[in-house]
Amino acid sequence: MLFRRSLLQELISTAAGAFFILIGIVIAQRAGNLIRLAAKGILPNDAITTMLGFNMVKFLPMILSLTLFLAVLMTLSRWYRDSEMVIWFSSGMSITGWIRPVINFVAPVILLIAVLSLFVMPWATNKGETYRTQLESRDELASISPGVFKESNNGERVFFIESFDELGNVVKNIFVQTIQHQKLGIIVAAKGHRLIEKNGDHFVVMENGRRYQGKRGAAEFSTTQFEKYAIRVESKEAQQKPPSTESKSSKELLESKNLVSQAELQWRLAIPISALILSLLAIPLSALDPRAGRSANFVLALIIYIIYSNLLSITHAWVIQQKIHIIIGLWPVHLLFLTLAIYMFYRRAQQLPIFPKFLSSIFSGSWLKVRAKQ
């Protein structure tokens, strides 16, 4: 039918715009956090892109879920605002007649969300944790960011390197401060390079530099010029941590009888289920109530989304804390909002406003005007 074709086209374009906006917001937020860690020397500069990629894969199911909700809500709201819905209702369409075309649009995306949530998201979490372990086991030189002072693991050295070459082997303008036997040593050199001995020891060899040595607070320092000076770079072994529940595959969670594993499996299933329920909720929510104002449905939709997400998180924590039985799990939250969707469809089918009169007056601002006159 004509309305289904036009609805599908607009849903796709609206969803694409909403997705790119949301993905841009998440990238900006996560990139800012990673850059802050890199500026403090906690995270190497070359690890920012990789960690950002893993983070985006982890957030992708939630982003797609919110994208579907906004796409259906914004598209149908525009149709109400431009009186297009009046035409379709006059031709015999009912509010429930929009369920099937909306489900046809969201079904492939929800299937993708389920695949991402059950398989891709734990894989990305596992790879992210493995990559963090590899970063923690890198030697001191590899963890240095150009232009940032870096203290060694034992606190006896402070490194500063202005820049690396493209391969990261040759360093330029090196500054090293050492403390040995209560003596302060400062080494500066124009350039240097990495050296790996046969036994696996790593050295940074500095060329054409000076070494200053003396006691702290004393005015006397000895100066030594050198052509080559090697400093052993210590490597550290990162503690092998057991894999977190979030990084385990869904197959492992399904085979495990652990309460935390079962709760995590329900959480992964909750993401595509909530995406479907929210998409259905967006149909009656999109109807504009003249007495409540144009923005009332968007305000209510935002409140419902926040409450839904927070209730899932709280219930998930209660299941882990054994306040709720694992068989009950997160299902009451889904049932609550599915019931809310059915109630809203009933109200719209009866041509009744979703808002009670009191809430409608609050959203429209008339209640505030009445109170102000009093």
# chains A, B, ... in the order shown; residues from 1 in each chain; ligands from 1
$ select_by_dssp --residues "stretch 40-189 of chain A" --states "strand (DSSP E)" --output "PyMOL selection string"
chain A and resi 150-151+157-164+170-180+183-189
$ residues_around --residues "A:Ile314" --least-positions-apart "3" --cutoff "12 Å" --atoms "only C-alpha atoms" --output "ChimeraX atom specification"
/A:263,267,307-311,317-321,323-324,329-330,333
$ residues_around --residues "A:Phe54" --least-positions-apart "4" --cutoff "9 Å" --atoms "only C-alpha atoms" --output "list in words"
Thr49, Thr50, Lys58, Phe59, Met121, Ala124, Thr125, Lys127 and Gly128 of chain A
$ write_last_selection --atoms "N, CA and C atoms" --output "mmCIF file, in the first residue's frame"
data_model
loop_
_atom_site.group_PDB
_atom_site.id
_atom_site.type_symbol
_atom_site.label_atom_id
_atom_site.label_comp_id
_atom_site.auth_asym_id
_atom_site.auth_seq_id
_atom_site.Cartn_x
_atom_site.Cartn_y
_atom_site.Cartn_z
ATOM 1 N N THR A 49 42.495 4.984 19.452
ATOM 2 C CA THR A 49 41.609 4.556 18.370
ATOM 3 C C THR A 49 41.088 3.142 18.602
ATOM 4 N N THR A 50 41.972 2.249 19.046
ATOM 5 C CA THR A 50 41.562 0.864 19.280
ATOM 6 C C THR A 50 40.544 0.768 20.409
ATOM 7 N N LYS A 58 30.539 -1.976 21.857
ATOM 8 C CA LYS A 58 29.793 -2.283 23.073
ATOM 9 C C LYS A 58 28.527 -1.442 23.187
ATOM 10 N N PHE A 59 28.585 -0.174 22.759
ATOM 11 C CA PHE A 59 27.432 0.717 22.870
ATOM 12 C C PHE A 59 26.480 0.615 21.680
ATOM 13 N N MET A 121 28.913 -8.015 21.205
ATOM 14 C CA MET A 121 29.223 -7.187 22.372
ATOM 15 C C MET A 121 30.139 -7.907 23.373
ATOM 16 N N ALA A 124 33.652 -7.994 21.843
ATOM 17 C CA ALA A 124 34.344 -6.706 21.938
ATOM 18 C C ALA A 124 34.814 -6.438 23.360
ATOM 19 N N THR A 125 34.012 -6.821 24.351
ATOM 20 C CA THR A 125 34.420 -6.645 25.743
ATOM 21 C C THR A 125 35.635 -7.501 26.069
ATOM 22 N N LYS A 127 37.905 -8.651 23.907
ATOM 23 C CA LYS A 127 39.074 -8.111 23.205
ATOM 24 C C LYS A 127 39.572 -6.834 23.873
ATOM 25 N N GLY A 128 38.655 -6.020 24.371
ATOM 26 C CA GLY A 128 39.061 -4.799 25.063
ATOM 27 C C GLY A 128 39.828 -5.093 26.331
#
$ residues_around --residues "stretch 99-101 of chain A" --least-positions-apart "4" --cutoff "9 Å" --atoms "only C-alpha atoms" --output "list of chain:residue names"
A:Arg4, A:Leu7, A:Leu8, A:Ile95, A:Phe105, A:Val106, A:Leu280, A:Ile283
$ write_last_selection --atoms "C-alpha atoms" --output "mmCIF file, in the first residue's frame"
data_model
loop_
_atom_site.group_PDB
_atom_site.id
_atom_site.type_symbol
_atom_site.label_atom_id
_atom_site.label_comp_id
_atom_site.auth_asym_id
_atom_site.auth_seq_id
_atom_site.Cartn_x
_atom_site.Cartn_y
_atom_site.Cartn_z
ATOM 1 C CA ARG A 4 3.344 1.657 3.987
ATOM 2 C CA LEU A 7 6.128 5.298 5.925
ATOM 3 C CA LEU A 8 9.040 2.938 5.296
ATOM 4 C CA ILE A 95 -4.062 3.296 15.338
ATOM 5 C CA PHE A 105 10.650 -1.886 9.670
ATOM 6 C CA VAL A 106 12.123 -2.639 13.101
ATOM 7 C CA LEU A 280 5.529 -0.176 19.793
ATOM 8 C CA ILE A 283 3.190 4.626 17.954
#
$ atom_distance --atom1 "atom CA of A:Phe89" --atom2 "atom CA of A:Ile273"
29.2 Å
$ decode --residues "stretch 297-330 of chain A" --atoms "N, CA and C atoms" --output "PDB file, in the first residue's frame"
ATOM      1  N   ASN A 297       4.488  14.943  23.960  1.00  0.00           N
ATOM      2  CA  ASN A 297       4.756  13.534  23.688  1.00  0.00           C
ATOM      3  C   ASN A 297       6.247  13.226  23.714  1.00  0.00           C
ATOM      4  N   PHE A 298       7.095  14.176  23.300  1.00  0.00           N
ATOM      5  CA  PHE A 298       8.530  13.948  23.357  1.00  0.00           C
ATOM      6  C   PHE A 298       9.025  13.929  24.808  1.00  0.00           C
ATOM      7  N   VAL A 299       8.455  14.788  25.629  1.00  0.00           N
ATOM      8  CA  VAL A 299       8.833  14.795  27.051  1.00  0.00           C
ATOM      9  C   VAL A 299       8.435  13.486  27.708  1.00  0.00           C
ATOM     10  N   LEU A 300       7.204  13.042  27.441  1.00  0.00           N
ATOM     11  CA  LEU A 300       6.745  11.777  28.005  1.00  0.00           C
ATOM     12  C   LEU A 300       7.570  10.603  27.487  1.00  0.00           C
ATOM     13  N   ALA A 301       7.909  10.620  26.180  1.00  0.00           N
ATOM     14  CA  ALA A 301       8.716   9.544  25.601  1.00  0.00           C
ATOM     15  C   ALA A 301      10.092   9.488  26.259  1.00  0.00           C
ATOM     16  N   LEU A 302      10.690  10.651  26.500  1.00  0.00           N
ATOM     17  CA  LEU A 302      11.995  10.684  27.160  1.00  0.00           C
ATOM     18  C   LEU A 302      11.902  10.143  28.575  1.00  0.00           C
ATOM     19  N   ILE A 303      10.838  10.516  29.286  1.00  0.00           N
ATOM     20  CA  ILE A 303      10.662  10.016  30.658  1.00  0.00           C
ATOM     21  C   ILE A 303      10.485   8.504  30.663  1.00  0.00           C
ATOM     22  N   ILE A 304       9.675   7.997  29.733  1.00  0.00           N
ATOM     23  CA  ILE A 304       9.437   6.548  29.664  1.00  0.00           C
ATOM     24  C   ILE A 304      10.727   5.805  29.350  1.00  0.00           C
ATOM     25  N   TYR A 305      11.510   6.332  28.408  1.00  0.00           N
ATOM     26  CA  TYR A 305      12.772   5.662  28.054  1.00  0.00           C
ATOM     27  C   TYR A 305      13.726   5.624  29.245  1.00  0.00           C
ATOM     28  N   ILE A 306      13.845   6.732  29.960  1.00  0.00           N
ATOM     29  CA  ILE A 306      14.751   6.782  31.115  1.00  0.00           C
ATOM     30  C   ILE A 306      14.289   5.823  32.203  1.00  0.00           C
ATOM     31  N   ILE A 307      12.969   5.824  32.472  1.00  0.00           N
ATOM     32  CA  ILE A 307      12.447   4.924  33.508  1.00  0.00           C
ATOM     33  C   ILE A 307      12.653   3.466  33.108  1.00  0.00           C
ATOM     34  N   TYR A 308      12.396   3.150  31.851  1.00  0.00           N
ATOM     35  CA  TYR A 308      12.561   1.776  31.367  1.00  0.00           C
ATOM     36  C   TYR A 308      14.016   1.320  31.530  1.00  0.00           C
ATOM     37  N   SER A 309      14.951   2.141  31.074  1.00  0.00           N
ATOM     38  CA  SER A 309      16.365   1.773  31.152  1.00  0.00           C
ATOM     39  C   SER A 309      16.823   1.632  32.601  1.00  0.00           C
ATOM     40  N   ASN A 310      16.413   2.577  33.449  1.00  0.00           N
ATOM     41  CA  ASN A 310      16.833   2.523  34.853  1.00  0.00           C
ATOM     42  C   ASN A 310      16.213   1.336  35.586  1.00  0.00           C
ATOM     43  N   LEU A 311      14.953   1.026  35.276  1.00  0.00           N
ATOM     44  CA  LEU A 311      14.329  -0.132  35.926  1.00  0.00           C
ATOM     45  C   LEU A 311      15.024  -1.429  35.525  1.00  0.00           C
ATOM     46  N   LEU A 312      15.438  -1.527  34.264  1.00  0.00           N
ATOM     47  CA  LEU A 312      16.188  -2.714  33.840  1.00  0.00           C
ATOM     48  C   LEU A 312      17.509  -2.829  34.585  1.00  0.00           C
ATOM     49  N   SER A 313      18.211  -1.715  34.734  1.00  0.00           N
ATOM     50  CA  SER A 313      19.489  -1.726  35.440  1.00  0.00           C
ATOM     51  C   SER A 313      19.301  -2.070  36.921  1.00  0.00           C
ATOM     52  N   ILE A 314      18.284  -1.476  37.535  1.00  0.00           N
ATOM     53  CA  ILE A 314      18.032  -1.746  38.962  1.00  0.00           C
ATOM     54  C   ILE A 314      17.623  -3.200  39.173  1.00  0.00           C
ATOM     55  N   THR A 315      16.742  -3.696  38.316  1.00  0.00           N
ATOM     56  CA  THR A 315      16.297  -5.086  38.454  1.00  0.00           C
ATOM     57  C   THR A 315      17.441  -6.054  38.215  1.00  0.00           C
ATOM     58  N   HIS A 316      18.301  -5.734  37.256  1.00  0.00           N
ATOM     59  CA  HIS A 316      19.482  -6.566  36.998  1.00  0.00           C
ATOM     60  C   HIS A 316      20.371  -6.634  38.238  1.00  0.00           C
ATOM     61  N   ALA A 317      20.556  -5.503  38.906  1.00  0.00           N
ATOM     62  CA  ALA A 317      21.362  -5.491  40.140  1.00  0.00           C
ATOM     63  C   ALA A 317      20.676  -6.274  41.254  1.00  0.00           C
ATOM     64  N   TRP A 318      19.364  -6.181  41.339  1.00  0.00           N
ATOM     65  CA  TRP A 318      18.638  -6.923  42.378  1.00  0.00           C
ATOM     66  C   TRP A 318      18.712  -8.426  42.149  1.00  0.00           C
ATOM     67  N   VAL A 319      18.696  -8.841  40.880  1.00  0.00           N
ATOM     68  CA  VAL A 319      18.832 -10.274  40.589  1.00  0.00           C
ATOM     69  C   VAL A 319      20.197 -10.774  41.050  1.00  0.00           C
ATOM     70  N   ILE A 320      21.248  -9.984  40.785  1.00  0.00           N
ATOM     71  CA  ILE A 320      22.596 -10.379  41.216  1.00  0.00           C
ATOM     72  C   ILE A 320      22.680 -10.421  42.740  1.00  0.00           C
ATOM     73  N   GLN A 321      21.999  -9.483  43.404  1.00  0.00           N
ATOM     74  CA  GLN A 321      22.005  -9.435  44.863  1.00  0.00           C
ATOM     75  C   GLN A 321      21.016 -10.408  45.493  1.00  0.00           C
ATOM     76  N   GLN A 322      20.343 -11.216  44.664  1.00  0.00           N
ATOM     77  CA  GLN A 322      19.388 -12.235  45.104  1.00  0.00           C
ATOM     78  C   GLN A 322      18.166 -11.637  45.793  1.00  0.00           C
ATOM     79  N   LYS A 323      17.868 -10.376  45.495  1.00  0.00           N
ATOM     80  CA  LYS A 323      16.631  -9.784  45.993  1.00  0.00           C
ATOM     81  C   LYS A 323      15.440 -10.202  45.133  1.00  0.00           C
ATOM     82  N   ILE A 324      15.708 -10.598  43.886  1.00  0.00           N
ATOM     83  CA  ILE A 324      14.696 -11.105  42.975  1.00  0.00           C
ATOM     84  C   ILE A 324      15.170 -12.452  42.450  1.00  0.00           C
ATOM     85  N   HIS A 325      14.277 -13.422  42.399  1.00  0.00           N
ATOM     86  CA  HIS A 325      14.653 -14.748  41.926  1.00  0.00           C
ATOM     87  C   HIS A 325      15.031 -14.687  40.453  1.00  0.00           C
ATOM     88  N   ILE A 326      15.970 -15.529  40.066  1.00  0.00           N
ATOM     89  CA  ILE A 326      16.474 -15.510  38.706  1.00  0.00           C
ATOM     90  C   ILE A 326      15.392 -15.902  37.694  1.00  0.00           C
ATOM     91  N   ILE A 327      14.429 -16.723  38.109  1.00  0.00           N
ATOM     92  CA  ILE A 327      13.350 -17.116  37.198  1.00  0.00           C
ATOM     93  C   ILE A 327      12.479 -15.905  36.862  1.00  0.00           C
ATOM     94  N   ILE A 328      12.271 -15.039  37.862  1.00  0.00           N
ATOM     95  CA  ILE A 328      11.502 -13.813  37.618  1.00  0.00           C
ATOM     96  C   ILE A 328      12.326 -12.850  36.784  1.00  0.00           C
ATOM     97  N   GLY A 329      13.555 -12.605  37.231  1.00  0.00           N
ATOM     98  CA  GLY A 329      14.507 -11.823  36.462  1.00  0.00           C
ATOM     99  C   GLY A 329      14.004 -10.457  36.043  1.00  0.00           C
ATOM    100  N   LEU A 330      14.270 -10.106  34.792  1.00  0.00           N
ATOM    101  CA  LEU A 330      13.899  -8.805  34.248  1.00  0.00           C
ATOM    102  C   LEU A 330      12.538  -8.801  33.566  1.00  0.00           C
TER     103      LEU A 330
END
